[in-house]
Protein chains: 2
Amino acid sequence: MVSPTVLLDSLPMSAYRLDALPTWLLSRSSGRAHRLLSDAFDAAGARGYHYRALAALEDLGPASQAMLGRRAALDRSDVVATLAELEVDALVERTLDPDDGRRKIVSITSAGRRRLRQLDDRVASVQEELLAPLSTDERAELIRLLGAVAGIGAGED
Amino acid sequence: MVSPTVLLDSLPMSAYRLDALPTWLLSRSSGRAHRLLSDAFDAAGARGYHYRALAALEDLGPASQAMLGRRAALDRSDVVATLAELEVDALVERTLDPDDGRRKIVSITSAGRRRLRQLDDRVASVQEELLAPLSTDERAELIRLLGAVAGIGAGED
DNA sequence: ATTGATTCGTTGGTTGAGCCAACGATCTTT
DNA sequence: AAAGATCGTTGGCTCAACCAACGAATCAAT
C-alpha cells in the first residue's frame with residue numbers, strides 16, 4: 001500500500017480540494033451524464049434499464065436472464081422487472097431453454113431492434129452534448145482511461 | 001446539432017456497444033468509486049456528505065450554509081441535516097451572521113479539522129486504489145478531462 | 001444413485017443520494 | 001411601500017442499486 005498522501009501531493013492543485021479529487025470529478029460528471037440520459041430517455045418514454053437490456057441483448061444475441069444481467073450490470077431481480085416492461089410492448093421474447101429447465105432464453109424482437117435504434121440515436125446525442133468540451137482525441141483518451149478505471153475488459157465472464 | 005451517429009462511428013469499437021459508451025463508462029467507474037468511498041467512510045463512522053461539507057468548509061473558511069451547499073453540491077435541506085450531524089460531535093460551529101439575519105455562519109472547529117484529516121487519508125487511499133491501473137501522467141490527464149466534462153471551473157459562482 | 005452445492009427466475013423488500021415544494025423571516029430592488 | 005429574491009428549515013418524494021429468501025432445476029463428488 002502506497003502512502004495515502006503521495007497521490008494527492010502529485011495532483012494538480014486547486015483552490016478547492018474537491019476539484020482535484022478523481023472520485024469527486026467522477027461523481028459530478030457521472031451525475032451530469034445521468035441527468036442528460038434520464039431526460040433523453042423519458043422524453044422517449046423509456047428508462048435506462050430498458051436501453052441497457054435491449055443493447056446488451058442485441059450484442060449478446062439470445063441469452064438467459066442471468067447472462068443478460070451480468071452483461072448489463074443489472075441485478076437478477078431488476079432484470080425480471082425490466083423484461084416484464086419490455087415484453088408489454090413486445091420488444092423482447094422469452095422462451096424456456098430446452099437444455100436447461102432453470103433458464104429462460106430472452107431474445108430481442110424486430111420491434112425491439114427498431115426501438116433500440118431510436119434510443120441509440122438519443123443516447124448518441126447525449127454523448128455528443130456531454131463531451132462537447134473535448135476534442136476527438138481527448139474523447140478517445142477519456143474512454144480509454146475510464147475503461148481502465150471501470151475495469152472493463154478486465155476478465156469478468 | 002451534430003448528427004447523432006457521427007460520434008459513435010468515430011469511437012473505438014467493442015464487441016459490446018456499452019463498453020464504448022462514455023456515459024456507461026462514467027456510470028460504471030463512478031459506481032465503483034462510490035462503493036469504495038462508502039466502505040471507507042462508514043468504516044470511519046462517517047458519510048460522504050460529512051466529508052464534502054468538512055472539506056468545503058475548510059477550503060471556504062467560515063461560510064453561510066447556502067454558500068457551503070453550492071460549493072459541496074449539496075441541497076439546502078441536505079446541508080441542514082448534515083450540519084446537524086456534524087454539530088453533535090462539535091466538528092462544526094454555527095453562529096448568526098450579524099450582517100444578515102437570514103444567514104448562519106458555519107465554521108469548522110479544530111476537532112473538525114482533525115476529523116477531516118482522518119477522512120482525507122482514507123479518501124486518498126481510495127483514489128490510489130481506484131486509479132491503480134493508471135500511470136501518474138494518465139491520472140493527471142483523466143483529472144483534466146473529467147474536469148472539463150464535469151464543468152469544473154466553468155464559472156459557477 | 002443419492003446427497004450437497006450451485007444456479008436460475010421470481011417476489012418482496014431496503015437503503016441512500018439527489019431532489020422539490022413550501023414556509024416564515026430577512027434582505028434587496030424598484 | 002411594495003414586490004421580489006434569498007436564507008434556513010421541515011417534510012416530503014423518486015429512482016438506481018442492492019439484498020434475502022424461495023422453490024425448481026442442474027451440477028459435482030463421492
# chains A, B, ... in the order shown; residues from 1 in each chain; ligands from 1
call {"tool": "interface_residues", "arguments": {"of": "chain D", "to": "chain B", "cutoff": "12 Å", "atoms": "only C-alpha atoms (C1' of nucleotides)", "output": "ChimeraX atom specification"}}
result
/D:6-12,16-18
call {"tool": "write_last_selection", "arguments": {"atoms": "N, CA and C atoms (P, O5', C5', C4', C3', O3' and C1' of nucleotides)", "output": "compact mmCIF listing (two decimals), in the first residue's frame"}}
result
# COMPACT_ATOMS: atom_id res chain seq x y z
P DT D 6 -31.91 35.22 -5.84
O5' DT D 6 -31.68 35.03 -4.27
C5' DT D 6 -31.01 36.04 -3.54
C4' DT D 6 -31.01 35.67 -2.08
C3' DT D 6 -30.55 34.23 -1.81
O3' DT D 6 -29.48 34.27 -0.90
C1' DT D 6 -32.54 34.73 -0.64
P DC D 7 -28.65 33.00 -0.51
O5' DC D 7 -29.21 32.61 0.94
C5' DC D 7 -29.02 33.51 2.02
C4' DC D 7 -29.81 33.05 3.22
C3' DC D 7 -29.62 31.57 3.54
O3' DC D 7 -28.74 31.43 4.63
C1' DC D 7 -31.92 32.27 3.71
P DG D 8 -28.15 29.96 4.95
O5' DG D 8 -29.28 29.34 5.88
C5' DG D 8 -29.42 29.82 7.20
C4' DG D 8 -30.68 29.26 7.83
C3' DG D 8 -30.63 27.75 8.14
O3' DG D 8 -31.05 27.56 9.49
C1' DG D 8 -32.56 28.26 6.87
P DT D 9 -30.93 26.10 10.17
O5' DT D 9 -32.35 25.44 9.90
C5' DT D 9 -33.52 26.16 10.24
C4' DT D 9 -34.77 25.43 9.76
C3' DT D 9 -34.70 23.90 9.85
O3' DT D 9 -35.52 23.49 10.94
C1' DT D 9 -35.80 24.67 7.86
P DT D 10 -35.66 21.93 11.30
O5' DT D 10 -36.95 21.53 10.48
C5' DT D 10 -38.14 22.29 10.66
C4' DT D 10 -39.25 21.71 9.79
C3' DT D 10 -39.36 20.17 9.84
O3' DT D 10 -40.69 19.83 10.21
C1' DT D 10 -39.32 20.95 7.58
P DG D 11 -41.09 18.33 10.49
O5' DG D 11 -41.56 17.84 9.05
C5' DG D 11 -42.53 18.57 8.32
C4' DG D 11 -42.72 17.95 6.95
C3' DG D 11 -42.71 16.41 6.94
O3' DG D 11 -43.81 15.94 6.17
C1' DG D 11 -41.22 17.23 5.35
P DG D 12 -44.16 14.36 6.28
O5' DG D 12 -43.41 13.73 5.03
C5' DG D 12 -44.15 13.43 3.89
C4' DG D 12 -43.57 14.15 2.67
C3' DG D 12 -43.14 13.20 1.56
O3' DG D 12 -44.27 12.84 0.79
C1' DG D 12 -41.62 15.03 1.81
P DA D 16 -34.10 4.70 -12.46
O5' DA D 16 -32.64 4.20 -12.05
C5' DA D 16 -31.60 5.16 -11.92
C4' DA D 16 -30.59 4.68 -10.91
C3' DA D 16 -30.01 3.31 -11.22
O3' DA D 16 -28.60 3.37 -11.06
C1' DA D 16 -30.96 3.33 -9.04
P DA D 17 -27.72 2.04 -11.41
O5' DA D 17 -27.65 1.26 -10.03
C5' DA D 17 -27.09 1.92 -8.90
C4' DA D 17 -27.25 1.04 -7.68
C3' DA D 17 -26.86 -0.42 -7.91
O3' DA D 17 -25.74 -0.71 -7.12
C1' DA D 17 -28.89 -0.21 -6.67
P DC D 18 -24.99 -2.11 -7.25
O5' DC D 18 -25.58 -2.95 -6.04
C5' DC D 18 -25.74 -2.28 -4.79
C4' DC D 18 -26.76 -2.99 -3.93
C3' DC D 18 -26.59 -4.51 -3.86
O3' DC D 18 -26.05 -4.83 -2.60
C1' DC D 18 -28.88 -3.84 -3.89
call {"tool": "interface_residues", "arguments": {"of": "chain C", "to": "chain A", "cutoff": "9 Å", "atoms": "only C-alpha atoms (C1' of nucleotides)", "output": "ChimeraX atom specification"}}
result
/C:7-11
call {"tool": "write_last_selection", "arguments": {"atoms": "N, CA and C atoms (P, O5', C5', C4', C3', O3' and C1' of nucleotides)", "output": "short mmCIF file (atom, residue, chain, number, x, y, z; two decimals), in the first residue's frame"}}
result
data_model
loop_
_atom_site.label_atom_id
_atom_site.label_comp_id
_atom_site.auth_asym_id
_atom_site.auth_seq_id
_atom_site.Cartn_x
_atom_site.Cartn_y
_atom_site.Cartn_z
P DT C 7 -22.61 -20.78 -8.84
"O5'" DT C 7 -23.94 -20.87 -9.72
"C5'" DT C 7 -24.01 -21.79 -10.80
"C4'" DT C 7 -25.41 -21.76 -11.39
"C3'" DT C 7 -25.93 -20.35 -11.68
"O3'" DT C 7 -26.34 -20.30 -13.04
"C1'" DT C 7 -27.52 -21.61 -10.47
P DC C 8 -26.76 -18.95 -13.72
"O5'" DC C 8 -28.34 -19.01 -13.68
"C5'" DC C 8 -29.03 -20.04 -14.38
"C4'" DC C 8 -30.51 -19.97 -14.07
"C3'" DC C 8 -31.10 -18.58 -14.14
"O3'" DC C 8 -31.91 -18.46 -15.29
"C1'" DC C 8 -31.85 -19.79 -12.19
P DG C 9 -32.36 -16.98 -15.73
"O5'" DG C 9 -33.77 -16.82 -15.00
"C5'" DG C 9 -34.84 -17.64 -15.41
"C4'" DG C 9 -35.98 -17.55 -14.41
"C3'" DG C 9 -36.66 -16.18 -14.34
"O3'" DG C 9 -38.06 -16.37 -14.49
"C1'" DG C 9 -36.02 -16.91 -12.17
P DT C 10 -39.02 -15.07 -14.60
"O5'" DT C 10 -39.48 -14.78 -13.11
"C5'" DT C 10 -39.95 -15.86 -12.30
"C4'" DT C 10 -40.15 -15.42 -10.87
"C3'" DT C 10 -40.66 -13.98 -10.68
"O3'" DT C 10 -42.03 -14.05 -10.32
"C1'" DT C 10 -39.01 -14.61 -9.05
P DT C 11 -42.82 -12.68 -10.01
"O5'" DT C 11 -42.61 -12.51 -8.44
"C5'" DT C 11 -42.95 -13.60 -7.58
"C4'" DT C 11 -42.77 -13.18 -6.13
"C3'" DT C 11 -43.31 -11.78 -5.79
"O3'" DT C 11 -44.15 -11.89 -4.65
"C1'" DT C 11 -41.06 -11.99 -5.07
#
call {"tool": "select_by_dssp", "arguments": {"residues": "stretch 71-129 of chain A", "states": "strand (DSSP E)", "output": "list in words"}}
result
Val92, Glu93, Arg94, Thr95, Leu96, Lys104, Ile105, Val106, Ser107 and Ile108 of chain A
call {"tool": "write_last_selection", "arguments": {"atoms": "N, CA and C atoms", "output": "short mmCIF file (atom, residue, chain, number, x, y, z; two decimals), in the first residue's frame"}}
result
data_model
loop_
_atom_site.label_atom_id
_atom_site.label_comp_id
_atom_site.auth_asym_id
_atom_site.auth_seq_id
_atom_site.Cartn_x
_atom_site.Cartn_y
_atom_site.Cartn_z
N VAL A 92 -39.17 -7.68 -26.49
CA VAL A 92 -38.37 -8.88 -26.24
C VAL A 92 -39.30 -10.09 -26.15
N GLU A 93 -38.72 -11.27 -26.33
CA GLU A 93 -39.47 -12.52 -26.21
C GLU A 93 -38.74 -13.44 -25.24
N ARG A 94 -39.51 -14.21 -24.50
CA ARG A 94 -38.90 -15.18 -23.60
C ARG A 94 -39.41 -16.58 -23.91
N THR A 95 -38.49 -17.52 -24.06
CA THR A 95 -38.86 -18.92 -24.24
C THR A 95 -38.07 -19.76 -23.25
N LEU A 96 -38.63 -20.88 -22.86
CA LEU A 96 -37.93 -21.77 -21.96
C LEU A 96 -36.74 -22.38 -22.67
N LYS A 104 -34.51 -19.17 -18.90
CA LYS A 104 -35.36 -18.69 -19.97
C LYS A 104 -34.46 -17.95 -20.95
N ILE A 105 -34.70 -18.22 -22.22
CA ILE A 105 -33.89 -17.56 -23.24
C ILE A 105 -34.61 -16.30 -23.72
N VAL A 106 -33.93 -15.19 -23.58
CA VAL A 106 -34.52 -13.91 -23.96
C VAL A 106 -33.96 -13.48 -25.30
N SER A 107 -34.85 -13.03 -26.19
CA SER A 107 -34.42 -12.53 -27.49
C SER A 107 -35.03 -11.17 -27.74
N ILE A 108 -34.30 -10.33 -28.45
CA ILE A 108 -34.85 -9.05 -28.87
C ILE A 108 -35.66 -9.28 -30.13
#
call {"tool": "atom_distance", "arguments": {"atom1": "atom CA of B:Leu21", "atom2": "atom CA of A:Leu91"}}
result
22.3 Å
call {"tool": "closest_atom_pairs", "arguments": {"of": "stretch 15-112 of chain A", "to": "stretch 118-136 of chain A", "cutoff": "8 Å", "atoms": "only C-alpha atoms", "output": "JSON lines"}}
result
{"residue": "A:Arg32", "atom": "CA", "partner": "A:Leu130", "partner_atom": "CA", "distance": 7.9}
{"residue": "A:Ala33", "atom": "CA", "partner": "A:Leu130", "partner_atom": "CA", "distance": 6.6}
{"residue": "A:Leu36", "atom": "CA", "partner": "A:Val126", "partner_atom": "CA", "distance": 6.3}
{"residue": "A:Leu37", "atom": "CA", "partner": "A:Val126", "partner_atom": "CA", "distance": 6.5}
{"residue": "A:Ala40", "atom": "CA", "partner": "A:Arg122", "partner_atom": "CA", "distance": 6.3}
{"residue": "A:Phe41", "atom": "CA", "partner": "A:Leu119", "partner_atom": "CA", "distance": 7.4}
{"residue": "A:Ala44", "atom": "CA", "partner": "A:Leu119", "partner_atom": "CA", "distance": 7.7}
{"residue": "A:Tyr51", "atom": "CA", "partner": "A:Leu119", "partner_atom": "CA", "distance": 6.9}
call {"tool": "write_last_selection", "arguments": {"atoms": "N, CA and C atoms", "output": "PDB file, in the first residue's frame"}}
result
ATOM      1  N   ARG A  32     -23.983  14.396 -14.080  1.00  0.00           N
ATOM      2  CA  ARG A  32     -24.423  15.160 -15.243  1.00  0.00           C
ATOM      3  C   ARG A  32     -24.868  14.232 -16.368  1.00  0.00           C
ATOM      4  N   ALA A  33     -24.065  13.219 -16.626  1.00  0.00           N
ATOM      5  CA  ALA A  33     -24.415  12.246 -17.665  1.00  0.00           C
ATOM      6  C   ALA A  33     -25.752  11.588 -17.357  1.00  0.00           C
ATOM      7  N   LEU A  36     -28.650  13.962 -18.095  1.00  0.00           N
ATOM      8  CA  LEU A  36     -28.888  14.075 -19.535  1.00  0.00           C
ATOM      9  C   LEU A  36     -29.570  12.822 -20.078  1.00  0.00           C
ATOM     10  N   LEU A  37     -29.071  11.673 -19.664  1.00  0.00           N
ATOM     11  CA  LEU A  37     -29.648  10.417 -20.140  1.00  0.00           C
ATOM     12  C   LEU A  37     -31.091  10.257 -19.682  1.00  0.00           C
ATOM     13  N   ALA A  40     -33.350  12.360 -21.729  1.00  0.00           N
ATOM     14  CA  ALA A  40     -33.483  11.816 -23.075  1.00  0.00           C
ATOM     15  C   ALA A  40     -34.380  10.584 -23.078  1.00  0.00           C
ATOM     16  N   PHE A  41     -34.192   9.741 -22.093  1.00  0.00           N
ATOM     17  CA  PHE A  41     -34.959   8.505 -22.049  1.00  0.00           C
ATOM     18  C   PHE A  41     -36.437   8.764 -21.780  1.00  0.00           C
ATOM     19  N   ALA A  44     -38.517   9.824 -24.405  1.00  0.00           N
ATOM     20  CA  ALA A  44     -38.863   8.738 -25.331  1.00  0.00           C
ATOM     21  C   ALA A  44     -39.721   7.684 -24.645  1.00  0.00           C
ATOM     22  N   TYR A  51     -32.837   0.542 -22.006  1.00  0.00           N
ATOM     23  CA  TYR A  51     -31.774   0.648 -23.017  1.00  0.00           C
ATOM     24  C   TYR A  51     -30.659  -0.348 -22.746  1.00  0.00           C
TER      25      TYR A  51
END
